[in-house]
Structures are given as C-alpha cells and as structure tokens.
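J.: Here it is: the structure, laid out below.
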Amino acid sequence: MGGEEKEEIMCGIVAYYGKRNVSEVLLDCLQRLEYRGYDSAGIAICESGNIDIIKTTGKIKHLREKIDINKYSMTHLGIGHTRWATHGVVSDKNAHPHKVDNISLVHNGIIENYMDLKEKIEKRYALQSETDSEIIAHLIAEKYNGDLLNSAINTVKNLKGSYALAIISDKEPETLVLVKKENPLIIGIGEDEIFVASDLTALTAYTDNFIILEDENIAKIYKTDIKLYNFNGDPISTNSKRVKLNFQMANKGGYKHYMLKEIFEQPKALLDTFLNHISNNHEKIIFNEFENIEDRIMSSKSIQIIGCGTSYHAAMIGKYLIEKYSGLSVSVDIASEFRYRNMTPTDNQIIIFISQSGETADTLASVKLVKKNKITTIALTNMISSSITRMTDSTIYTYAGPEIGVASTKAFTTQIIILYLFAIYLGQCTKRLNDRNIKEHIEKIIRLPDLLDGVIKMNDIISEIAMKCINYEHFLFLGRNINYPVALEGALKLKEVSYIHAEGYAAGELKHGPIALISKKVPVFVIATQSQTYDKIIGNIEEIKARNGTVYAIASSGDKRVINLVDGFVFIPSVDEDLSIFPNTVIFQLFAYHCANYLGLDVDQPRNLAKSVTVE
Ligand code: F6R
C-alpha cells in the first residue's frame with residue numbers, strides 16, 4: 001500500500017430489512033458488535049427515494065445522539081458499520097457508510113490492489129475519503145446499470161483482498177446485496193424481516209435461524225427473499241441453520257462491566273465446557289469431535305499449538321500439559337510468526353489452532369498455510385460456525401458463552417480446561433495414564449468450579465491490593481513452569497485494561513536481566529503457590545526484597561513463609577500445580593479489572609483494541 005493513507009479495518013457490519021424502526025435495529029446490532037471496533041460508526045437508510053447517511057467518529061452512543069430515530073419509523077432498509085482503524089485517520093469522512101452516486105456501502109476488510117484501483121479512479125473522480133472502501137463504492141457505481149446484484153458481481157472481479165460488504169442503492173430501495181470474501185457475514189432470518197451482521201451474537205436477540213455465508217458468496221436480498229450466487233453469478237442453494245445461543249448471557253446482568261461479569265461466570269463456563277468431555281461414570285475422557293480423525297490422533301507423533309495473544313498463552317499452557325500427560329512433543333507458535341516462518345511439515349502431525357473468535361486473521365492464515373501440507377488441523381474456538389470451524393478438520397468448542405469484554409477472560413480458562421482434558425485424553429489413548437490416574441484427574445476437574453467460586457469470593461482482597469497499585473507505572477509478573485504463561489497472561493491483562501506497563505517473566509529468568517528493573521517503583525506479582533519449584537520461587541522473592549522491591553504474591557492457604565516475606569498476598573486453597581493455573585489466572589484477571597476500574601478507564605473497550613482482529 002506504499003505508506004499511502006489507506007484504511008485497514010476490523011469492524012462490524014450490520015443491515016436490516018423489515019417493519020421495525022430501521023435505525024433502532026441498526027443501532028442495537030451495532031452496539032452488540034461494538035466490541036469489534038469503536039473508533040467511528042455510521043448508518044445508511046433508504047428514505048423516500050434517497051439514502052440518508054449519518055456517521056461520526058466515536059462510539060455508537062455518539063452516533064445515536066446524531067440520529068433522529070422517529071424519522072425512520074416507516075422505512076424498511078438500512079446498513080450500518082462500526083469501525084476500528086489500523087491505518088488512516090479516524091475521521092468522519094473515513095467512517096462508513098460510503099456513498100458514491102446512488103450506491104452506499106459498508107465494508108470490513110482490506111482491498112490489496114487498492115493503490116492500482118485508486119490511481120485509475122482518481123483520474124475520473126474526486127475522492128471524498130482515504131479509504132479503500134470508497135473505491136469499491138466507485139467501482140460498483142460505475143458498473144451500475146439498474147441491477148445492483150450485477151454491478152456487485154462485476155465489481156468483485158476487480159478486487160483483490162478480503163472483504164465483507166453490505167450494499168444498497170436508492171434506485172432499488174428494497175434490495176440489499178451482500179458480498180463475502182474471507183471476512184464473516186451472517187444473515188439472520190426473522191418473520192418478514194432480515195438481519196445481517198458480522199457475527200451471530202449481534203443477532204441472537206432477534207432470531208435463531210441463520211444463513212452463514214461462505215467465502216465468495218454474494219447474496220441478493222429483495223425484501224425478505226434471499227438468493228445466493230457465487231462470484232461468477234451462478235445461483236447456489238441457501239441452507240439456513242438454527243443456532244441457539246443464550247441471549248441472556250450477552251447482557252451485563254447487573255455488573256458494572258462485562259469483564260467483571262465474565263470473570264465471575266468462569267465456574268459455570270468451565271462446567272459447561274468440561275461436562276461434554278467426561279463420561280457419565282466419570283471414568284473416561286471423551287472427544288466425540290474426533291470421530292473422523294481418531295486414527296490420525298492415535299498415530300500422531302507431535303503436536304503444535306498456534307494462537308495469538310491470550311490464545312497463545314493458552315497454547316503455552318497446553319504444551320506443559322500435553323507433554324506431561326501424553327509424552328508427545330509439543331511446540332507452540334504465535335500465529336503472526338508462524339505464518340511467515342518456513343515450517344517443515346512432519347508426518348502424523350496435529351496442529352491445534354486456538355481462537356476465541358475463530359476469526360483472527362493471522363490464525364486463519366496459519367490454518368490455510370498448513371492445509372496445503374495435509375496436516376491434521378483442529379480448531380479450538382468459542383464461536384459457533386466461525387470461519388476457523390469451516391477450515392479445520394475438526395472443531396472443539398469452548399462453552400464460555402459470548403465474551404463481550406475485549407480482554408479475554410472466560411474464553412481463556414475454558415481453552416485451558418479443554419487443553420487439560422485433551423492432554424489426559426492423549427494419556428488415556430496412549431495408555432500412559434491408567435484408569436485410576438484418569439479417574440483422579442476427572443475428580444479434580446469436577447471440583448474446579450467450586451475452587452473458582454472460592455477465589456471469586458476473595459474479590460474484595462484482590463480489589464484492595466489493586467487499590468494500592470494504581471499509581472505504579474510498571475509491573476512485573478513472575479511464574480514458573482506451567483504458571484509461567486499465567487504470569488504472561490496476568491501482565492497482558494493489566495496492560496490491556498489499565499494501561500499500566502507490565503511484563504511477565506519465567507521466574508528463573510529473573511537473574512538473567514529483569515532483576516535490574518527491581519526498585520520501589522516496579523512492584524512484582526509472584527505466583528508462589530505450591531509447586532515443584534516452590535523453593536526457587538521463595539528464593540526469587542528474597543532476591544527482590546533484598547533489593548528493596550515490593551512483592552505481592554499468590555500463595556497457598558496459610559503459607560507463612562510467603563506471607564512473612566511479601567507486602568501483600570492472596571491465598572488459594574492447596575491444589576495441584578497443574579490446577580493452580582485456574583485460580584491464579586482468575587486472581588490476575590480480577591487484579592487487572594480492579595486497577596482499570598479504580599483508574600476510571602473504559603474496562604470493556606480499552607483504547608486501541610478490538611475483540612476480533614480480522615486484519616493482519
Ligand atoms: C487479550 C485478547 C487478545 C486475543 C487475541 C486472539 O485479552 O483478547 O490477545 O486473545 O487477539 O484472539 P482470538 O482468540 O479471537 O483469536
């Protein structure tokens with residue numbers, strides 16, 4: 001893109017046709033998608049032979065203030081957009097929808113041949129924005145000959161890149177055209193009404209009947225009649241499916257923030273997730289998802305786990321667990337690194353891709369890369385029918401319910417319970433674990449929700465520690481062995497929501513550099529629960545205290561050795577090291593939450609972040 005101002009967006013798209021007040025429905029759906037981006041937002045509504053466009057920088061609530069809702073009580077069709085810009089300034093003119101002549105559209109994705117197209121278009125027209133999306137509107141408007149569908153089909157031939165589009169024209173006030181390539185787009189079918197959104201969660205309040213568009217699908221919706229075509233314009237069949245999601249879960253339910261609610265929901269989220277994988281007599285681990293790939297799993301020699309951000313931290317935990325219980329070697333990769341590395345495929349390799357949203361661009365690109373190498377691929381995701389589920393050989397779902405807070409919490413703990421179960425499952429298949437071992441693991445797993453309920457009851461203690469910490473500018477988190485990724489995740493959570501700079505380290509690394517940072521101004525949060533390396537962690541705490549450092553610790557109940565050393569502590573009940581990752585994670589989540597809340601920050605939508613990173 002040659003450094004030109006160009007818009008790359010992760011964003012949310014919505015559209016509506018029906019008898020409700022169009023602006024209300026669009027705003028409501030946009031609100032539910034706001035976690036995907038919240039720099040600017042806009043809607044376009046077909047009104048008395050015109051298209052009204054209202055757009056603004058800022059959040060949906062700012063857009064709401066600009067709209068005269070009553071004006072649209074008799075209108076039927078509209079489209080909307082919430083934007084998260086990565087390139088190109090956040091401005092009203094760059095906000096969507098874009099309008100060129102009689103065409104108006106919203107776009108999610110990146111047009112890779114934008115510069116070539118722009119050069120040609122700007123010879124003929126003065127561009128109003130710096131976006132690649134406006135270029136698409138120009139192309140469609142140029143090709144428009146009275147048939148919106150045809151002009152969309154003719155336009156996609158010229159586009160390279162990824163795009164989900166919703167397009168309307170004031171010349172066809174009851175027609176909506178949708179185009180999907182690589183970015184998600186879902187049609188919700190109601191009674192005499194049609195909803196469209198970038199994901200299911202925006203629509204579950206309205207319907208449970210969906211058409212999930214596949215790549216290179218174009219949909220023409222005339223009133224409520226839906227017809228699907230491929231990119232050549234050939235008709236294809238439409239298969240709708242019913243998906244039940246618990247809409248109640250997408251409300252704040254009396255909590256001040258989604259993040260807090262979602263942290264508190266973890267005992268139930270874990271239960272809902274692990275129950276699917278434990279036999280009724282509590283003796284075996286089951287993965288029905290592997291029906292078609294069981295042989296390949298049984299003959300696998302190595303496992304790789306790939307993800308981004310929090311999902312990558314889950315992958316790291318998976319490595320510890322799977323290596324320990326299955327004896328297989330496991331490697332982990334950050335998806336954005338993996339996709340540009342020259343990986344050498346090995347025979348009988350399984351790759352697990354972890355993505356809460358199932359839409360992360362780097363993770364999807366990594367799946368595509370390995371598909372060429374005929375490796376067995378498994379998705380671990382929280383989003384039913386997300387893109388990753390259609391690209392992999394098998395999908396394991398976490399049942400965390402919709403996660404709206406941008407900082408991932410319950411998705412993470414449900415990912416790691418699945419990885420734990422998978423590790424035991426492999427141990428069961430390879431007979432490294434005997435029946436008694438497996439039963440013991442299952443019993444421990446079943447007690448996890450109660451264990452986490454106990455941790456949540458310590459919310460006030462954690463909140464008090466947070467209160468003492470909000471004026472620090474830097475923080476270190478230390479953990480060791482399987483709790484090392486938990487330290488990384490604790491640091492990530494704190495950075496994300498409180499903007500306090502934090503780094504996680506493997507405690508054994510302290511002497512190899514980070515100890516130089518120790519001072520009164522840089523407190524350290526240490527995971528000092530019972531573990532095979534407990535004494536060494538105590539050594540680390542002593543080293544920090546000897547240098548006048550401030551230490552907060554998570555310790556096992558009643559551990560006097562730790563409490564005599566540190567400046568503040570939270571106890572967890574005595575549990576196996578492997579299980580301690582769950583309570584330790586929840587404590588760090590609550591700590592980050594309370595810091596951000598005391599600082600008065602936008603906990604659920606931290607600056608510069610978006611929930612689904614659908615562009616590279
Ligand atoms: C952190 C966070 C991100 C995501 C990452 C991957 O709280 O939410 O680091 O974990 O963007 O997202 P998914 O799991 O949707 O692929």
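Naming scheme: A, B, ... for chains in displayed order of the structure tokens; residues 1 onward per chain; ligands 1 onward as shown.
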Would you tabulate, counting only C-alpha atoms and all ligand atoms, all residues of chain A that have an atom at most 9 Å from an atom of ligand 1, showing the closest pair of atoms and their distance in Å to one decimal, sorted by chain then ascending number, as a Markdown table?

T.:
```
| residue | atom | partner | partner_atom_place_in_ligand_line | distance |
| --- | --- | --- | --- | --- |
| A:Gly307 | CA | ligand 1 | 16 (O) | 6.2 |
| A:Cys308 | CA | ligand 1 | 6 (C) | 4.4 |
| A:Gly309 | CA | ligand 1 | 9 (O) | 3.3 |
| A:Thr310 | CA | ligand 1 | 10 (O) | 3.7 |
| A:Ser311 | CA | ligand 1 | 10 (O) | 4.7 |
| A:Tyr312 | CA | ligand 1 | 10 (O) | 7.2 |
| A:His313 | CA | ligand 1 | 10 (O) | 8.4 |
| A:Phe353 | CA | ligand 1 | 16 (O) | 8.7 |
| A:Ile354 | CA | ligand 1 | 14 (O) | 6.2 |
| A:Ser355 | CA | ligand 1 | 14 (O) | 3.4 |
| A:Gln356 | CA | ligand 1 | 14 (O) | 3.6 |
| A:Ser357 | CA | ligand 1 | 15 (O) | 3.6 |
| A:Gly358 | CA | ligand 1 | 15 (O) | 5.7 |
| A:Glu359 | CA | ligand 1 | 15 (O) | 6.2 |
| A:Thr360 | CA | ligand 1 | 16 (O) | 4.5 |
| A:Ala361 | CA | ligand 1 | 16 (O) | 8.0 |
| A:Asp362 | CA | ligand 1 | 16 (O) | 8.2 |
| A:Thr363 | CA | ligand 1 | 16 (O) | 6.6 |
| A:Leu364 | CA | ligand 1 | 16 (O) | 8.8 |
| A:Thr381 | CA | ligand 1 | 14 (O) | 7.5 |
| A:Asn382 | CA | ligand 1 | 15 (O) | 8.4 |
| A:Met383 | CA | ligand 1 | 15 (O) | 8.9 |
| A:Gly405 | CA | ligand 1 | 8 (O) | 8.5 |
| A:Val406 | CA | ligand 1 | 8 (O) | 5.8 |
| A:Ala407 | CA | ligand 1 | 7 (O) | 3.4 |
| A:Ser408 | CA | ligand 1 | 7 (O) | 3.8 |
| A:Thr409 | CA | ligand 1 | 7 (O) | 6.9 |
| A:Ala411 | CA | ligand 1 | 14 (O) | 7.9 |
| A:Phe412 | CA | ligand 1 | 10 (O) | 7.9 |
| A:Glu489 | CA | ligand 1 | 7 (O) | 8.2 |
| A:Leu492 | CA | ligand 1 | 1 (C) | 6.8 |
| A:Lys493 | CA | ligand 1 | 7 (O) | 6.0 |
| A:Glu496 | CA | ligand 1 | 7 (O) | 6.9 |
| A:Val497 | CA | ligand 1 | 7 (O) | 8.7 |
| A:Leu609 | CA | ligand 1 | 3 (C) | 8.7 |
| A:Ala610 | CA | ligand 1 | 11 (O) | 7.8 |
| A:Lys611 | CA | ligand 1 | 8 (O) | 6.1 |
| A:Ser612 | CA | ligand 1 | 15 (O) | 5.6 |
| A:Val613 | CA | ligand 1 | 11 (O) | 5.7 |
| A:Thr614 | CA | ligand 1 | 15 (O) | 8.9 |
```

J.: Name the residues in contact with Arg20 of chain A at a cut-off of 7 Å, using only C-alpha atoms, excluding same-chain residues fewer than 2 positions from it; report them as a count of residues only.

T.: 3

J.: Go through A:Tyr163, A:Phe422, A:Phe588, A:Tyr38 and flag the residue nearest Asn459 of chain A, using only C-alpha atoms for the distances.

T.: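 For Asn459 of chain A, the nearest of the given residues is A:Phe588.
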
J.: Give me the residues within 8 Å of Ser326 of chain A as a short mmCIF file (atom, residue, chain, number, x, y, z; two decimals) with N, CA, C and O atoms, in the first residue's frame, counting only C-alpha atoms and dropping any in the same chain fewer than 2 places off.

T.:
```
data_model
loop_
_atom_site.label_atom_id
_atom_site.label_comp_id
_atom_site.auth_asym_id
_atom_site.auth_seq_id
_atom_site.Cartn_x
_atom_site.Cartn_y
_atom_site.Cartn_z
N ILE A 322 0.20 -31.26 27.76
CA ILE A 322 0.21 -32.38 26.80
C ILE A 322 1.53 -33.13 26.88
O ILE A 322 1.57 -34.37 26.88
N GLU A 323 2.62 -32.40 27.01
CA GLU A 323 3.92 -33.10 27.12
C GLU A 323 3.94 -33.98 28.36
O GLU A 323 4.40 -35.11 28.34
N LYS A 324 3.39 -33.44 29.45
CA LYS A 324 3.45 -34.17 30.72
C LYS A 324 2.60 -35.44 30.66
O LYS A 324 3.02 -36.50 31.12
N LEU A 328 4.02 -36.85 24.17
CA LEU A 328 4.30 -36.34 22.82
C LEU A 328 5.02 -35.00 22.93
O LEU A 328 4.82 -34.26 23.90
N ALA A 423 -5.02 -33.33 27.00
CA ALA A 423 -3.77 -33.96 27.47
C ALA A 423 -4.08 -35.30 28.15
O ALA A 423 -3.41 -36.31 27.89
N ILE A 424 -5.11 -35.28 29.00
CA ILE A 424 -5.47 -36.54 29.69
C ILE A 424 -6.01 -37.56 28.68
O ILE A 424 -5.72 -38.75 28.76
N LEU A 426 -5.13 -37.87 25.60
CA LEU A 426 -4.00 -38.49 24.89
C LEU A 426 -3.31 -39.52 25.79
O LEU A 426 -2.92 -40.59 25.33
N GLY A 427 -3.20 -39.18 27.06
CA GLY A 427 -2.61 -40.13 28.03
C GLY A 427 -3.46 -41.39 28.12
O GLY A 427 -2.94 -42.51 28.25
N THR A 430 -2.85 -43.35 24.77
CA THR A 430 -1.52 -43.97 24.69
C THR A 430 -1.26 -44.91 25.87
O THR A 430 -0.20 -45.53 25.94
N ARG A 432 -0.50 -44.17 28.74
CA ARG A 432 0.45 -43.63 29.72
C ARG A 432 -0.23 -43.38 31.05
O ARG A 432 0.39 -43.38 32.10
#
```

J.: Which residues are near Phe231 of chain A? Cut-off 12 Å, only C-alpha atoms, ignore same chain within fewer than 3 positions. Put them as a list of chain:residue names.

T.: A:Leu149, A:Asn150, A:Ser151, A:Ala152, A:Ile153, A:Asn154, A:Thr155, A:Val156, A:Lys157, A:Asn158, A:Leu159, A:Leu178, A:Val179, A:Lys180, A:Lys181, A:Glu214, A:Asp215, A:Glu216, A:Asn217, A:Ile218, A:Ala219, A:Leu228, A:Asp234, A:Pro235, A:Ile236

J.: When distances are computed from only C-alpha atoms, which of A:Ile13, A:Ile350, A:Ala365, A:Val106 shows the smallest separation from Ser198 of chain A?

T.: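 With only C-alpha atoms as the atom set, the closest residue is A:Ile13.
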
J.: How far is it from atom CA of Ser394 of chain A to atom CA of Val332 of chain A, in Å with one decimal?

T.: 18.9 Å

J.: Just to confirm, what's the straight-line distance from atom CA of Asn21 of chain A to atom CA of Tyr72 of chain A in Å (one decimal)?

T.: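 Value for the atom CA of Asn21 of chain A-atom CA of Tyr72 of chain A distance: 5.8 Å.
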
J.: Identify, on the basis of only C-alpha atoms, every residue whose closest approach to segment 301-305 of chain A does not exceed 8 Å; exclude the query and any residue fewer than 6 positions from it along the same chain; express the result as a list in words.

T.: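 Final neighbour list, sorted by chain and number: Ala315, Met316, Gly318, Lys319, Leu328, Ser329, Val330, Ser331, Val332, Asp333, Asp347, Asn348, Gln349, Ile350, Ile351, Ile352, Phe353 and Ile354 of chain A.
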
J.: Export N, CA and C atoms of the chosen residues as a PDB file, in the first residue's frame?

T.:
```pdb
ATOM      1  N   ALA A 315      -2.084 -21.742  24.540  1.00  0.00           N
ATOM      2  CA  ALA A 315      -1.281 -22.734  23.812  1.00  0.00           C
ATOM      3  C   ALA A 315      -0.047 -23.129  24.625  1.00  0.00           C
ATOM      4  N   MET A 316       0.587 -22.127  25.243  1.00  0.00           N
ATOM      5  CA  MET A 316       1.790 -22.421  26.043  1.00  0.00           C
ATOM      6  C   MET A 316       1.453 -23.361  27.199  1.00  0.00           C
ATOM      7  N   GLY A 318      -0.990 -25.442  27.182  1.00  0.00           N
ATOM      8  CA  GLY A 318      -1.263 -26.738  26.555  1.00  0.00           C
ATOM      9  C   GLY A 318       0.010 -27.554  26.381  1.00  0.00           C
ATOM     10  N   LYS A 319       1.095 -26.869  26.051  1.00  0.00           N
ATOM     11  CA  LYS A 319       2.374 -27.570  25.856  1.00  0.00           C
ATOM     12  C   LYS A 319       2.784 -28.293  27.146  1.00  0.00           C
ATOM     13  N   LEU A 328       4.019 -36.846  24.173  1.00  0.00           N
ATOM     14  CA  LEU A 328       4.304 -36.337  22.823  1.00  0.00           C
ATOM     15  C   LEU A 328       5.019 -35.002  22.931  1.00  0.00           C
ATOM     16  N   SER A 329       5.825 -34.705  21.923  1.00  0.00           N
ATOM     17  CA  SER A 329       6.463 -33.386  21.999  1.00  0.00           C
ATOM     18  C   SER A 329       5.515 -32.348  21.401  1.00  0.00           C
ATOM     19  N   VAL A 330       5.511 -31.184  22.007  1.00  0.00           N
ATOM     20  CA  VAL A 330       4.574 -30.130  21.609  1.00  0.00           C
ATOM     21  C   VAL A 330       5.364 -28.857  21.347  1.00  0.00           C
ATOM     22  N   SER A 331       5.065 -28.210  20.230  1.00  0.00           N
ATOM     23  CA  SER A 331       5.654 -26.884  20.020  1.00  0.00           C
ATOM     24  C   SER A 331       4.520 -25.878  19.927  1.00  0.00           C
ATOM     25  N   VAL A 332       4.829 -24.646  20.289  1.00  0.00           N
ATOM     26  CA  VAL A 332       3.790 -23.608  20.224  1.00  0.00           C
ATOM     27  C   VAL A 332       4.301 -22.453  19.378  1.00  0.00           C
ATOM     28  N   ASP A 333       3.367 -21.764  18.770  1.00  0.00           N
ATOM     29  CA  ASP A 333       3.737 -20.650  17.904  1.00  0.00           C
ATOM     30  C   ASP A 333       2.719 -19.539  18.003  1.00  0.00           C
ATOM     31  N   ASP A 347       5.313 -35.837   9.169  1.00  0.00           N
ATOM     32  CA  ASP A 347       4.214 -36.792   9.045  1.00  0.00           C
ATOM     33  C   ASP A 347       3.494 -36.895  10.375  1.00  0.00           C
ATOM     34  N   ASN A 348       2.260 -37.248  10.298  1.00  0.00           N
ATOM     35  CA  ASN A 348       1.461 -37.502  11.508  1.00  0.00           C
ATOM     36  C   ASN A 348       1.469 -36.341  12.481  1.00  0.00           C
ATOM     37  N   GLN A 349       1.462 -35.164  11.960  1.00  0.00           N
ATOM     38  CA  GLN A 349       1.444 -34.020  12.870  1.00  0.00           C
ATOM     39  C   GLN A 349       0.016 -33.489  13.039  1.00  0.00           C
ATOM     40  N   ILE A 350      -0.262 -33.086  14.253  1.00  0.00           N
ATOM     41  CA  ILE A 350      -1.567 -32.466  14.513  1.00  0.00           C
ATOM     42  C   ILE A 350      -1.308 -31.016  14.891  1.00  0.00           C
ATOM     43  N   ILE A 351      -2.084 -30.117  14.338  1.00  0.00           N
ATOM     44  CA  ILE A 351      -1.949 -28.723  14.777  1.00  0.00           C
ATOM     45  C   ILE A 351      -3.279 -28.250  15.331  1.00  0.00           C
ATOM     46  N   ILE A 352      -3.214 -27.720  16.544  1.00  0.00           N
ATOM     47  CA  ILE A 352      -4.415 -27.153  17.172  1.00  0.00           C
ATOM     48  C   ILE A 352      -4.328 -25.637  17.039  1.00  0.00           C
ATOM     49  N   PHE A 353      -5.369 -25.046  16.492  1.00  0.00           N
ATOM     50  CA  PHE A 353      -5.428 -23.589  16.350  1.00  0.00           C
ATOM     51  C   PHE A 353      -6.407 -23.065  17.380  1.00  0.00           C
ATOM     52  N   ILE A 354      -5.922 -22.181  18.232  1.00  0.00           N
ATOM     53  CA  ILE A 354      -6.816 -21.656  19.278  1.00  0.00           C
ATOM     54  C   ILE A 354      -7.230 -20.241  18.903  1.00  0.00           C
TER      55      ILE A 354
END
```

J.: Extract, using only C-alpha atoms, all DNA, RNA and protein residues at most 8 Å from Tyr206 of chain A, discarding same-chain residues fewer than 3 positions from it, and format them as a ChimeraX atom specification.

T.: /A:188,190,203

J.: For the selection just defined, write its residues with C-alpha atoms to a file, as a tab-separated table (two decimals), in the first residue's frame.

T.:
```tsv
chain	number	residue	atom	x	y	z
A	188	GLY	CA	-30.48	-13.79	10.31
A	190	GLY	CA	-36.89	-13.44	11.16
A	203	LEU	CA	-28.47	-11.15	16.08
```

J.: May I ask which of the residues A:His441, A:Lys252, A:His107, A:Arg124 is the closest one to Ala41 of chain A, counting only C-alpha atoms?

T.: A:His107
